[in-house]
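The file entry-v9.pdb contains PDB, C-alpha atoms:
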```
ATOM      1  CA  MET A 213       0.000   0.000   0.000
ATOM      2  CA  ARG A 214       1.554   3.289  -1.125
ATOM      3  CA  TYR A 215      -0.650   5.506   0.992
ATOM      4  CA  GLU A 216      -3.840   5.704   2.955
ATOM      5  CA  ARG A 217      -6.284   8.554   3.245
ATOM      6  CA  LEU A 218      -6.959   9.496   6.856
ATOM      7  CA  GLU A 219     -10.085  11.116   8.239
ATOM      8  CA  HIS A 220     -10.179  14.903   8.192
ATOM      9  CA  THR A 221     -13.219  17.161   8.249
ATOM     10  CA  ALA A 222     -12.270  19.710   5.587
ATOM     11  CA  ASP A 223      -9.029  18.839   3.802
ATOM     12  CA  ALA A 224      -7.216  15.792   2.401
ATOM     13  CA  LEU A 225      -4.995  14.060   4.965
ATOM     14  CA  ILE A 226      -2.778  11.223   3.752
ATOM     15  CA  LYS A 227      -0.158   8.949   5.241
ATOM     16  CA  ALA A 228       2.363   7.636   2.723
ATOM     17  CA  HIS A 229       4.404   4.501   3.365
ATOM     18  CA  GLY A 230       7.593   3.050   1.939
ATOM     19  CA  SER A 231      10.756   1.171   2.734
ATOM     20  CA  THR A 232      12.790   4.412   2.759
ATOM     21  CA  VAL A 233      12.077   8.073   3.403
ATOM     22  CA  GLU A 234      12.709   8.725  -0.298
ATOM     23  CA  GLU A 235      10.057   6.170  -1.252
ATOM     24  CA  CYS A 236       7.657   7.792   1.236
ATOM     25  CA  PHE A 237       8.232  11.189  -0.403
ATOM     26  CA  GLY A 238       7.505   9.656  -3.812
ATOM     27  CA  ASN A 239       4.384   7.975  -2.486
ATOM     28  CA  ALA A 240       3.215  11.266  -0.930
ATOM     29  CA  ALA A 241       3.572  12.849  -4.384
ATOM     30  CA  TYR A 242       1.653   9.925  -5.896
ATOM     31  CA  ALA A 243      -1.071  10.385  -3.257
ATOM     32  CA  MET A 244      -1.295  14.113  -3.971
ATOM     33  CA  PHE A 245      -1.854  13.543  -7.689
ATOM     34  CA  ASP A 246      -4.250  10.676  -6.915
ATOM     35  CA  GLN A 247      -6.423  13.129  -4.974
ATOM     36  CA  MET A 248      -6.565  15.340  -8.091
ATOM     37  CA  VAL A 249      -7.120  12.631 -10.761
ATOM     38  CA  ASP A 250      -7.188   8.828 -10.969
ATOM     39  CA  VAL A 251      -3.426   8.283 -11.192
ATOM     40  CA  ARG A 252      -3.915   4.709 -12.425
ATOM     41  CA  LYS A 253      -4.950   6.219 -15.774
ATOM     42  CA  VAL A 254      -1.826   8.410 -16.067
ATOM     43  CA  GLU A 255       0.744   7.102 -18.526
ATOM     44  CA  THR A 256       4.439   7.831 -18.021
ATOM     45  CA  ARG A 257       5.010   9.483 -21.403
ATOM     46  CA  GLU A 258       6.919  12.595 -20.376
ATOM     47  CA  GLY A 259       9.647  13.119 -17.793
ATOM     48  CA  VAL A 260      10.503  16.095 -15.648
ATOM     49  CA  LYS A 261      13.336  16.754 -13.183
ATOM     50  CA  VAL A 262      12.352  18.292  -9.869
ATOM     51  CA  ARG A 263      14.661  19.835  -7.289
ATOM     52  CA  ALA A 264      13.867  21.109  -3.817
ATOM     53  CA  LYS A 265      15.737  22.278  -0.736
ATOM     54  CA  GLY A 266      14.765  22.480   2.904
ATOM     55  CA  ASP A 267      16.297  23.034   6.325
ATOM     56  CA  ASP A 268      14.799  19.751   7.566
ATOM     57  CA  LEU A 269      12.838  16.817   6.135
ATOM     58  CA  GLU A 270       9.486  18.455   6.808
ATOM     59  CA  GLU A 271      10.397  21.628   4.926
ATOM     60  CA  LEU A 272      11.961  19.530   2.175
ATOM     61  CA  LEU A 273       8.709  17.558   1.772
ATOM     62  CA  VAL A 274       6.501  20.657   1.620
ATOM     63  CA  ASN A 275       8.855  22.350  -0.861
ATOM     64  CA  PHE A 276       8.947  19.201  -3.029
ATOM     65  CA  LEU A 277       5.172  18.836  -3.124
ATOM     66  CA  SER A 278       4.783  22.574  -3.749
ATOM     67  CA  GLU A 279       7.139  22.343  -6.724
ATOM     68  CA  LEU A 280       5.066  19.470  -8.136
ATOM     69  CA  LEU A 281       1.881  21.523  -7.728
ATOM     70  CA  TYR A 282       3.586  24.387  -9.557
ATOM     71  CA  ILE A 283       4.443  22.020 -12.436
ATOM     72  CA  PHE A 284       0.832  20.817 -12.526
ATOM     73  CA  ASP A 285      -0.544  24.368 -12.482
ATOM     74  CA  THR A 286       1.818  25.811 -15.091
ATOM     75  CA  ARG A 287       2.494  22.872 -17.419
ATOM     76  CA  LYS A 288      -0.704  20.847 -16.840
ATOM     77  CA  LEU A 289       1.320  17.687 -16.213
ATOM     78  CA  VAL A 290      -0.252  14.935 -14.128
ATOM     79  CA  LEU A 291       2.465  12.717 -12.712
ATOM     80  CA  SER A 292       2.347   9.105 -11.557
ATOM     81  CA  TYR A 293       5.971   7.961 -11.237
ATOM     82  CA  PHE A 294       8.492   9.442  -8.802
ATOM     83  CA  GLU A 295      12.102   8.432  -8.232
ATOM     84  CA  VAL A 296      13.329  10.511  -5.299
ATOM     85  CA  ALA A 297      16.864  10.955  -3.948
ATOM     86  CA  ILE A 298      17.672  12.978  -0.826
ATOM     87  CA  ASP A 299      21.179  14.201  -0.082
ATOM     88  CA  GLY A 300      21.332  16.297   3.074
ATOM     89  CA  ASN A 301      18.986  19.230   2.614
ATOM     90  CA  GLU A 302      18.517  18.712  -1.129
ATOM     91  CA  LEU A 303      16.090  16.530  -3.036
ATOM     92  CA  THR A 304      16.154  15.509  -6.668
ATOM     93  CA  CYS A 305      13.356  13.640  -8.352
ATOM     94  CA  THR A 306      12.703  12.176 -11.751
ATOM     95  CA  ALA A 307       8.952  12.262 -12.259
ATOM     96  CA  ARG A 308       6.969  10.918 -15.187
ATOM     97  CA  GLY A 309       3.442  11.427 -16.402
ATOM     98  CA  GLU A 310       1.498  13.089 -19.177
ATOM     99  CA  HIS A 311      -0.428  16.234 -20.001
ATOM    100  CA  LEU A 312      -3.824  16.576 -18.397
ATOM    101  CA  ASP A 313      -6.625  15.337 -20.641
ATOM    102  CA  LEU A 314     -10.013  16.008 -19.044
ATOM    103  CA  LYS A 315     -11.628  13.197 -21.053
ATOM    104  CA  LYS A 316      -9.101  10.667 -19.760
ATOM    105  CA  HIS A 317      -8.191  12.135 -16.350
ATOM    106  CA  ARG A 318     -11.455  12.969 -14.649
ATOM    107  CA  PRO A 319     -10.853  15.667 -12.049
ATOM    108  CA  ARG A 320     -11.365  14.673  -8.424
ATOM    109  CA  THR A 321     -10.284  17.336  -5.949
ATOM    110  CA  GLU A 322      -8.395  20.573  -6.484
ATOM    111  CA  ILE A 323      -5.383  20.798  -4.181
ATOM    112  CA  LYS A 324      -4.275  24.316  -3.331
ATOM    113  CA  ALA A 325      -1.214  23.504  -1.206
ATOM    114  CA  ALA A 326       0.688  21.047   0.931
ATOM    115  CA  THR A 327       0.600  22.414   4.486
ATOM    116  CA  TYR A 328       2.714  22.198   7.636
ATOM    117  CA  HIS A 329      -0.395  21.479   9.717
ATOM    118  CA  MET A 330      -0.243  17.867  10.986
ATOM    119  CA  LEU A 331       2.903  17.322   8.869
ATOM    120  CA  LYS A 332       5.082  14.461  10.068
ATOM    121  CA  VAL A 333       8.110  12.694   8.614
ATOM    122  CA  ASP A 334       8.755   9.466  10.543
ATOM    123  CA  VAL A 335      12.190   8.156   9.580
ATOM    124  CA  GLY A 336      11.881   5.137  11.884
ATOM    125  CA  GLU A 337       8.640   3.710  10.466
ATOM    126  CA  PRO A 338       9.240   5.117   7.658
ATOM    127  CA  SER A 339       6.207   7.188   6.683
ATOM    128  CA  VAL A 340       5.090  10.743   5.998
ATOM    129  CA  THR A 341       1.796  12.383   6.913
ATOM    130  CA  VAL A 342       0.641  15.403   4.906
ATOM    131  CA  LEU A 343      -2.451  17.578   5.002
ATOM    132  CA  PHE A 344      -3.400  19.071   1.638
ATOM    133  CA  ASP A 345      -5.418  22.268   1.556
ATOM    134  CA  ILE A 346      -8.337  21.710  -0.822
TER     135      ILE A 346
END
```
Show how you would write the structure in this file as C-alpha cells.
Amino acid sequence: MRYERLEHTADALIKAHGSTVEECFGNAAYAMFDQMVDVRKVETREGVKVRAKGDDLEELLVNFLSELLYIFDTRKLVLSYFEVAIDGNELTCTARGEHLDLKKHRPRTEIKAATYHMLKVDVGEPSVTVLFDI
C-alpha cells in the first residue's frame, strides 16, 4: 500500500508509506496527484526533473510537493511515477506522467497547497503524513 487517506473534516490528509524516506516522499507525491485525478490512468510518457531544498525533512517535503503543484498548475502535467533521492537538505526527483486530458483524467479534488499542519516525517517507520489544503 503506497498511501492511505486518513479522516479529516475539511481537507485531504494522507499517510504515505515506503521502505525508505525517499520512497515515502515519492508515495506522498503519488497520493497528492491521486487526490486530483485517478493516477492509475496516467501514462508515463513525459519526464521532468524536480529539485527542492529544505532546512529539515518536513520543509523539504513541503517544498517538493509545492514544486510538483507548480508544475501541474503551469504545465498541466499529471504525474504518476516518482524516483526521489535525498542528499542532506537537497532533493532531486525524476517524475513521469502526461499532459492533463479532461476526457481521460477525470478531475477529483483541487489541491491548493501542501501544508505544515499535521505534517510528520517518521524516519523510523518510515512514513510521511501530509495535510493538503483543498
- Picked residues, the PyMOL selection byres ((chain A and resi 252) around 12), expected as a list in words: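 Output from the PyMOL selection byres ((chain A and resi 252) around 12), applied to this file: Tyr242, Ala243, Phe245, Asp246, Gln247, Met248, Val249, Asp250, Val251, Lys253, Val254, Glu255, Thr256, Val290, Leu291, Ser292, Tyr293, Gly309, Lys316, His317 and Arg318 of chain A.
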- Val260 in chain A: which residues within 7 Å, counting only C-alpha atoms, same-chain residues fewer than 4 positions away excluded, as a PyMOL selection string? chain A and resi 306-308
- Query: the PyMOL selection byres ((chain A and resi 338-341) around 9) on the file shown: which residues, as number ranges by chain?
  - Reply: A: 225-233, 235-237, 239-240, 270, 273, 330-337, 342-343
- Message: Which residues are close to Phe276 in chain A, i.e. within 8 Å by only C-alpha atoms, leaving aside same-chain residues fewer than 2 positions away? Reply as a list of chain:residue names.
- Response: A:Val262, A:Arg263, A:Ala264, A:Lys265, A:Leu272, A:Leu273, A:Val274, A:Ser278, A:Glu279, A:Leu280, A:Leu303
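In terms of minimum interatomic distance to Glu234 in chain A, A:Asp299 ranks closest within A:Glu310, A:Asp299, A:Glu322, A:Asp345, counting only C-alpha atoms.
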